[in-house]
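The structure appears right after this line, and notes come after that.
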Amino acid sequence: MSWLDLYERPVQISGPCSAESEEQVLQTALDLKATGKIHALRAGIWKPRTRPNSFEGVGEVGLEWLVNAGKETGLKVTTEVANAKHVEMALKAGVDILWIGARTTVNPFAVQEIADAIRGTNIPVMIKNPVNPDLSLWLGAFERFETAGLTDLSGIHRGFSVYNHPKYRNVPSWEIPIALKERRPETKIICDPSHITGNRDLLLEVSQKAMDLNFDGLMIESHPDPDSALSDAAQQVTPQRWSEMMDQLILRSHEVSIDIAGKIDDIRSRVGSLDDRLFDLLSERMLLSEEVGQLKRENNITILQEEHWKKIINSRLEHSDDYNLTSQFVRKVMDAIHQESIRHQTRIMNPGKE
Ligand code: PEP
Ligand code: MN
């Protein structure tokens, strides 16, 4: 049982990136509460900043502002903890829910220290994905908290670091939270579009995608005066704007009615036959690769022929639009086929070794 089960999907968490003043925290909480759509108030007290000399949070005094704003509004409150001392102070202040930041999830020592500090309580913990796209690290953090006896654990998907991406601050790589759901079907996952996009104009688009992927909730940063925020100004919105955006979200049901299920099953079985054919073709293709491998072996030619490979890839990429497929997808499929083909030829070249 998670605190997230208390509310209907999507569970809504919002509030400033950082607590900056008592008035700012309370004003945000009251404005959010007035929308009637909010379930929990967030605010960072200790901010893990990538570069020094940025605003690093107000520290312990902010806990009181957060907890008081929670009392005033009846909202649950949540903050990020990054070490045992933070845990001790947050628990003492009466914070309802803790979250583990992306820069902490990457570090098993830090996660273990926090898990040991929380041991014996049953406070809910939301675990952000690590900054790098490593599912095992994310799963490992869940396991450390579980081993410490915590049962109310949920995930927050906030995207993954990349260098200079044209669109996102942190790329969503949706396949990773989807893989987390697969590995931990009972675990609820919240999406954090603010840190994925880094840009308020993209929040709705990413929130909609999260809803269509059946995420359980959203955590979006809000501030009474976003442009003057001391951290993450470009991605914050006013509570009023947040509310307008949430009104525009289309919530689709996860349940499938019987008549629709029949129609979907029919199409799915045709998709299944196509998949069968795809794999038959791939298998036939690998037989041809093996024939080429045999010739390469007999004539002492290297497996990798870069020029030829470049030609194959380019000719496929040129046709991405005709296939109605993205060039990224075509590239991924061709890379996978090439790797498998190299594996087959390696087996031919060096029988018994791969
Ligand atoms: C935050 O939620 O403000 C934050 C620092 O997030 P992350 O750990 O995802 O960078
Ligand atoms: Mn932030």
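In the structure tokens, chains take letters A, B, ... by order of appearance, with residues numbered from 1 within each chain and ligands from 1 in the order shown.
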
Exercise. With only C-alpha atoms and all ligand atoms counted, collect every polymer residue having an atom within 6 Å of ligand 1; state the result as an MDAnalysis selection string.
Key: chainID A and resid 17 44 48 101:103 158 195

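Neighbours of ligand 2 at a cut-off of 9 Å, computed so that only C-alpha atoms and all ligand atoms are counted, are the residues Pro16, Cys17, Ser18, Ala43, Gly44, Lys47, Ser194, His195, Gly198, Glu221, Ser231, Asp232, Ala233, Gln235 and Gln236 of chain A.
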
Quick one: write out the picked residues with C-alpha atoms as a tab-separated table (two decimals), in the first residue's frame?
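Once written, part.tsv looks like this:
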chain	number	residue	atom	x	y	z
A	16	PRO	CA	8.67	25.19	-6.03
A	17	CYS	CA	11.97	23.74	-7.12
A	18	SER	CA	13.40	25.35	-3.97
A	43	ALA	CA	9.95	22.02	-2.17
A	44	GLY	CA	13.69	21.47	-2.25
A	47	LYS	CA	19.60	21.67	-3.56
A	194	SER	CA	9.88	19.80	-15.22
A	195	HIS	CA	13.32	18.19	-15.04
A	198	GLY	CA	13.77	22.18	-18.44
A	221	GLU	CA	7.48	22.59	-10.30
A	231	SER	CA	16.65	27.67	-9.23
A	232	ASP	CA	15.18	26.14	-12.39
A	233	ALA	CA	13.36	29.35	-13.37
A	235	GLN	CA	10.83	25.25	-16.18
A	236	GLN	CA	8.58	26.58	-13.42

Exercise. Pick out each residue of stretch 152-281 of chain A that DSSP on the backbone tags as alpha helix (DSSP H); I need them as a PyMOL selection string.
Key: chain A and resi 175-183+193-197+203-212+239-248+258-281

Expected file contents, prior selection, C-alpha atoms, as a compact mmCIF listing (two decimals), in the first residue's frame:
# COMPACT_ATOMS: atom_id res chain seq x y z
CA GLU A 175 11.82 2.60 -22.32
CA ILE A 176 13.61 2.78 -18.96
CA PRO A 177 10.60 3.62 -16.75
CA ILE A 178 8.65 1.09 -18.85
CA ALA A 179 11.32 -1.51 -18.00
CA LEU A 180 11.03 -0.52 -14.32
CA LYS A 181 7.27 -1.16 -14.50
CA GLU A 182 7.98 -4.54 -16.05
CA ARG A 183 10.43 -5.49 -13.30
CA PRO A 193 8.15 16.73 -16.72
CA SER A 194 9.88 19.80 -15.22
CA HIS A 195 13.32 18.19 -15.04
CA ILE A 196 12.83 16.26 -18.29
CA THR A 197 12.04 19.36 -20.31
CA LEU A 203 5.45 20.49 -19.78
CA LEU A 204 2.01 19.69 -21.15
CA GLU A 205 3.32 17.58 -24.01
CA VAL A 206 5.46 15.43 -21.69
CA SER A 207 2.71 15.19 -19.06
CA GLN A 208 0.32 13.92 -21.73
CA LYS A 209 2.81 11.32 -22.86
CA ALA A 210 3.25 10.15 -19.26
CA MET A 211 -0.52 9.84 -18.87
CA ASP A 212 -0.77 7.88 -22.12
CA PRO A 239 0.06 27.43 -9.82
CA GLN A 240 -2.64 29.02 -12.01
CA ARG A 241 -0.84 28.05 -15.21
CA TRP A 242 -0.21 24.58 -13.79
CA SER A 243 -3.93 24.22 -13.16
CA GLU A 244 -4.80 25.32 -16.73
CA MET A 245 -2.36 22.79 -18.12
CA MET A 246 -3.73 20.00 -15.99
CA ASP A 247 -7.23 20.84 -17.26
CA GLN A 248 -5.97 20.26 -20.79
CA ILE A 258 -15.08 -6.33 -24.01
CA ASP A 259 -16.20 -5.20 -27.48
CA ILE A 260 -13.12 -3.04 -27.94
CA ALA A 261 -10.96 -5.88 -26.59
CA GLY A 262 -12.30 -8.12 -29.39
CA LYS A 263 -11.37 -5.59 -32.06
CA ILE A 264 -7.96 -4.96 -30.53
CA ASP A 265 -7.26 -8.71 -30.28
CA ASP A 266 -8.10 -9.10 -33.93
CA ILE A 267 -5.58 -6.46 -34.97
CA ARG A 268 -3.05 -7.79 -32.47
CA SER A 269 -3.20 -11.24 -34.01
CA ARG A 270 -2.44 -9.69 -37.43
CA VAL A 271 0.46 -7.82 -35.81
CA GLY A 272 1.60 -11.15 -34.35
CA SER A 273 1.65 -12.75 -37.81
CA LEU A 274 3.69 -9.85 -39.15
CA ASP A 275 6.15 -10.27 -36.26
CA ASP A 276 6.41 -13.97 -37.14
CA ARG A 277 7.26 -13.02 -40.71
CA LEU A 278 9.75 -10.38 -39.57
CA PHE A 279 11.64 -12.96 -37.51
CA ASP A 280 11.51 -15.57 -40.28
CA LEU A 281 13.00 -12.98 -42.61

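Taking atom CA of A:Asp216 and atom CA of A:Leu63 as the two end points, the separation is 26.5 Å.
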
Self-check item: Spatial neighbours of A:Ile100, max dist 9 Å, only C-alpha atoms, sep filter under 6 positions, as a PyMOL selection string
Solution: chain A and resi 79-82+111+114+125-129

Long-range neighbours of A:Ser14 as a JSON list (two decimals) with all heavy atoms, in the first residue's frame, 10 Å cut-off, only C-alpha atoms, 5 positions minimum in chain:
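Contents of the output file selection.json:
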[["chain", "number", "residue", "atom", "x", "y", "z"],
["A", 28, "THR", "N", 2.54, 29.51, -2.65],
["A", 28, "THR", "CA", 2.43, 28.44, -3.65],
["A", 28, "THR", "C", 1.43, 27.39, -3.17],
["A", 28, "THR", "O", 0.57, 26.93, -3.93],
["A", 28, "THR", "CB", 3.81, 27.77, -3.89],
["A", 28, "THR", "OG1", 4.80, 28.76, -4.02],
["A", 28, "THR", "CG2", 3.80, 26.90, -5.12],
["A", 29, "ALA", "N", 1.56, 27.02, -1.88],
["A", 29, "ALA", "CA", 0.68, 25.98, -1.33],
["A", 29, "ALA", "C", -0.79, 26.42, -1.40],
["A", 29, "ALA", "O", -1.67, 25.65, -1.81],
["A", 29, "ALA", "CB", 1.07, 25.67, 0.11],
["A", 32, "LEU", "N", -2.02, 26.49, -5.03],
["A", 32, "LEU", "CA", -2.22, 25.12, -5.54],
["A", 32, "LEU", "C", -3.49, 24.53, -4.93],
["A", 32, "LEU", "O", -4.32, 23.94, -5.62],
["A", 32, "LEU", "CB", -1.02, 24.24, -5.20],
["A", 32, "LEU", "CG", 0.26, 24.50, -6.00],
["A", 32, "LEU", "CD1", 1.44, 23.75, -5.37],
["A", 32, "LEU", "CD2", 0.09, 24.07, -7.46],
["A", 38, "ILE", "N", -4.66, 19.35, -6.28],
["A", 38, "ILE", "CA", -3.32, 19.01, -5.80],
["A", 38, "ILE", "C", -3.39, 18.03, -4.61],
["A", 38, "ILE", "O", -4.31, 18.09, -3.82],
["A", 38, "ILE", "CB", -2.58, 20.32, -5.39],
["A", 38, "ILE", "CG1", -1.16, 20.05, -4.95],
["A", 38, "ILE", "CG2", -3.36, 21.07, -4.33],
["A", 38, "ILE", "CD1", -0.23, 19.83, -6.09],
["A", 39, "HIS", "N", -2.41, 17.14, -4.54],
["A", 39, "HIS", "CA", -2.39, 16.18, -3.43],
["A", 39, "HIS", "C", -1.20, 16.37, -2.50],
["A", 39, "HIS", "O", -1.29, 16.11, -1.32],
["A", 39, "HIS", "CB", -2.39, 14.75, -3.98],
["A", 39, "HIS", "CG", -3.55, 14.49, -4.87],
["A", 39, "HIS", "ND1", -3.42, 14.31, -6.23],
["A", 39, "HIS", "CD2", -4.87, 14.44, -4.61],
["A", 39, "HIS", "CE1", -4.62, 14.13, -6.78],
["A", 39, "HIS", "NE2", -5.52, 14.22, -5.82],
["A", 40, "ALA", "N", -0.07, 16.78, -3.06],
["A", 40, "ALA", "CA", 1.11, 16.96, -2.19],
["A", 40, "ALA", "C", 1.93, 18.15, -2.66],
["A", 40, "ALA", "O", 1.99, 18.46, -3.85],
["A", 40, "ALA", "CB", 1.96, 15.70, -2.17],
["A", 41, "LEU", "N", 2.56, 18.80, -1.67],
["A", 41, "LEU", "CA", 3.38, 19.99, -1.94],
["A", 41, "LEU", "C", 4.85, 19.60, -1.87],
["A", 41, "LEU", "O", 5.28, 18.95, -0.92],
["A", 41, "LEU", "CB", 3.08, 21.02, -0.84],
["A", 41, "LEU", "CG", 3.90, 22.31, -0.87],
["A", 41, "LEU", "CD1", 3.49, 23.17, -2.05],
["A", 41, "LEU", "CD2", 3.71, 23.09, 0.45],
["A", 42, "ARG", "N", 5.58, 19.96, -2.91],
["A", 42, "ARG", "CA", 7.02, 19.70, -2.92],
["A", 42, "ARG", "C", 7.79, 20.99, -2.71],
["A", 42, "ARG", "O", 7.30, 22.08, -3.06],
["A", 42, "ARG", "CB", 7.48, 19.08, -4.24],
["A", 42, "ARG", "CG", 7.33, 19.98, -5.46],
["A", 42, "ARG", "CD", 8.35, 19.69, -6.57],
["A", 42, "ARG", "NE", 9.62, 20.32, -6.29],
["A", 42, "ARG", "CZ", 10.80, 19.90, -6.74],
["A", 42, "ARG", "NH1", 10.86, 18.84, -7.51],
["A", 42, "ARG", "NH2", 11.90, 20.54, -6.43],
["A", 43, "ALA", "N", 9.00, 20.89, -2.16],
["A", 43, "ALA", "CA", 9.95, 22.02, -2.17],
["A", 43, "ALA", "C", 11.31, 21.46, -1.81],
["A", 43, "ALA", "O", 11.43, 20.63, -0.90],
["A", 43, "ALA", "CB", 9.54, 23.11, -1.17],
["A", 77, "VAL", "N", 3.42, 16.94, 2.54],
["A", 77, "VAL", "CA", 4.59, 17.67, 2.05],
["A", 77, "VAL", "C", 5.76, 16.72, 1.82],
["A", 77, "VAL", "O", 5.91, 15.72, 2.51],
["A", 77, "VAL", "CB", 5.02, 18.80, 3.01],
["A", 77, "VAL", "CG1", 3.92, 19.86, 3.10],
["A", 77, "VAL", "CG2", 5.38, 18.27, 4.39],
["A", 78, "THR", "N", 6.55, 17.06, 0.82],
["A", 78, "THR", "CA", 7.68, 16.20, 0.46],
["A", 78, "THR", "C", 8.92, 17.03, 0.12],
["A", 78, "THR", "O", 8.81, 18.12, -0.44],
["A", 78, "THR", "CB", 7.30, 15.25, -0.71],
["A", 78, "THR", "OG1", 8.44, 14.45, -1.04],
["A", 78, "THR", "CG2", 6.83, 15.99, -1.95],
["A", 192, "ASP", "N", 8.14, 13.42, -13.81],
["A", 192, "ASP", "CA", 8.57, 14.77, -13.45],
["A", 192, "ASP", "C", 8.92, 15.52, -14.75],
["A", 192, "ASP", "O", 10.08, 15.58, -15.16],
["A", 192, "ASP", "CB", 9.79, 14.67, -12.52],
["A", 192, "ASP", "CG", 10.51, 15.99, -12.25],
["A", 192, "ASP", "OD1", 10.22, 17.00, -12.92],
["A", 192, "ASP", "OD2", 11.39, 16.00, -11.37],
["A", 218, "LEU", "N", 2.06, 12.96, -11.45],
["A", 218, "LEU", "CA", 2.96, 13.96, -12.02],
["A", 218, "LEU", "C", 3.56, 14.80, -10.90],
["A", 218, "LEU", "O", 2.88, 15.08, -9.90],
["A", 218, "LEU", "CB", 2.19, 14.89, -12.96],
["A", 218, "LEU", "CG", 1.59, 14.25, -14.22],
["A", 218, "LEU", "CD1", 0.62, 15.22, -14.89],
["A", 218, "LEU", "CD2", 2.70, 13.83, -15.19],
["A", 219, "MET", "N", 4.82, 15.18, -11.07],
["A", 219, "MET", "CA", 5.42, 16.15, -10.15],
["A", 219, "MET", "C", 5.94, 17.29, -11.02],
["A", 219, "MET", "O", 6.85, 17.10, -11.83],
["A", 219, "MET", "CB", 6.56, 15.51, -9.36],
["A", 219, "MET", "CG", 7.28, 16.52, -8.49],
["A", 219, "MET", "SD", 8.00, 15.77, -7.01],
["A", 219, "MET", "CE", 9.70, 15.71, -7.46],
["A", 220, "ILE", "N", 5.30, 18.45, -10.90],
["A", 220, "ILE", "CA", 5.64, 19.60, -11.74],
["A", 220, "ILE", "C", 5.97, 20.78, -10.83],
["A", 220, "ILE", "O", 5.26, 21.06, -9.87],
["A", 220, "ILE", "CB", 4.46, 19.93, -12.69],
["A", 220, "ILE", "CG1", 4.27, 18.77, -13.68],
["A", 220, "ILE", "CG2", 4.70, 21.25, -13.42],
["A", 220, "ILE", "CD1", 3.11, 18.94, -14.64],
["A", 221, "GLU", "N", 7.06, 21.46, -11.16],
["A", 221, "GLU", "CA", 7.48, 22.59, -10.30],
["A", 221, "GLU", "C", 6.62, 23.82, -10.55],
["A", 221, "GLU", "O", 6.34, 24.18, -11.71],
["A", 221, "GLU", "CB", 8.95, 22.91, -10.56],
["A", 221, "GLU", "CG", 9.87, 21.82, -10.05],
["A", 221, "GLU", "CD", 11.35, 22.11, -10.26],
["A", 221, "GLU", "OE1", 11.69, 22.97, -11.10],
["A", 221, "GLU", "OE2", 12.17, 21.47, -9.58],
["A", 222, "SER", "N", 6.23, 24.49, -9.45],
["A", 222, "SER", "CA", 5.45, 25.73, -9.59],
["A", 222, "SER", "C", 5.95, 26.78, -8.60],
["A", 222, "SER", "O", 6.48, 26.44, -7.53],
["A", 222, "SER", "CB", 3.95, 25.46, -9.39],
["A", 222, "SER", "OG", 3.75, 24.85, -8.13],
["A", 223, "HIS", "N", 5.75, 28.02, -8.97],
["A", 223, "HIS", "CA", 6.33, 29.13, -8.21],
["A", 223, "HIS", "C", 5.43, 30.34, -8.43],
["A", 223, "HIS", "O", 4.94, 30.53, -9.55],
["A", 223, "HIS", "CB", 7.74, 29.38, -8.78],
["A", 223, "HIS", "CG", 8.58, 30.32, -8.00],
["A", 223, "HIS", "ND1", 8.33, 31.68, -7.94],
["A", 223, "HIS", "CD2", 9.69, 30.12, -7.25],
["A", 223, "HIS", "CE1", 9.25, 32.26, -7.17],
["A", 223, "HIS", "NE2", 10.09, 31.33, -6.73],
["A", 239, "PRO", "N", 1.09, 28.44, -10.12],
["A", 239, "PRO", "CA", 0.06, 27.43, -9.82],
["A", 239, "PRO", "C", -1.16, 27.57, -10.74],
["A", 239, "PRO", "O", -1.75, 26.57, -11.13],
["A", 239, "PRO", "CB", -0.29, 27.71, -8.36],
["A", 239, "PRO", "CG", 0.97, 28.26, -7.78],
["A", 239, "PRO", "CD", 1.56, 29.10, -8.89],
["A", 242, "TRP", "N", -0.25, 26.03, -14.02],
["A", 242, "TRP", "CA", -0.21, 24.58, -13.79],
["A", 242, "TRP", "C", -1.62, 24.01, -13.87],
["A", 242, "TRP", "O", -1.87, 23.01, -14.55],
["A", 242, "TRP", "CB", 0.43, 24.30, -12.41],
["A", 242, "TRP", "CG", 0.31, 22.88, -11.97],
["A", 242, "TRP", "CD1", 1.10, 21.83, -12.36],
["A", 242, "TRP", "CD2", -0.66, 22.34, -11.07],
["A", 242, "TRP", "NE1", 0.66, 20.67, -11.75],
["A", 242, "TRP", "CE2", -0.41, 20.96, -10.96],
["A", 242, "TRP", "CE3", -1.73, 22.88, -10.34],
["A", 242, "TRP", "CZ2", -1.18, 20.11, -10.14],
["A", 242, "TRP", "CZ3", -2.50, 22.05, -9.54],
["A", 242, "TRP", "CH2", -2.22, 20.68, -9.45]]

Quiz prompt | DSSP strand (DSSP E or B) residues within stretch 17-195 of chain A, as an MDAnalysis selection string | solution = chainID A and resid 18 40:42 44 76:80 97:100 125:128 153:157 160:161 170:171 189:191

Exercise. Pick out the residues sitting within 9 Å of stretch 323-337 of chain A, and hand them over as an MDAnalysis selection string; count only C-alpha atoms, and ignore anything fewer than 6 positions along from it in its own chain.
Key: chainID A and resid 282 286 312:313 316:317

With C-alpha atoms retained, write the just-selected residues as a compact mmCIF listing (two decimals), in the first residue's frame.
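Full text of again-v1.txt as output:
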# COMPACT_ATOMS: atom_id res chain seq x y z
CA LEU A 282 15.66 -12.00 -40.07
CA MET A 286 21.40 -14.28 -41.06
CA ILE A 312 23.83 -0.11 -46.30
CA ILE A 313 22.93 2.19 -43.42
CA ARG A 316 18.09 2.64 -45.46
CA LEU A 317 18.21 6.01 -43.75

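The interatomic distance for the pair atom CA of A:Glu284 and atom CA of A:Gln345 works out to 14.1 Å.
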
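Of the listed residues A:Pro10, A:Gly62, A:Gly140, A:Gly36, the one whose atoms come nearest to A:Glu22 is A:Gly62, with distances taken using only C-alpha atoms.
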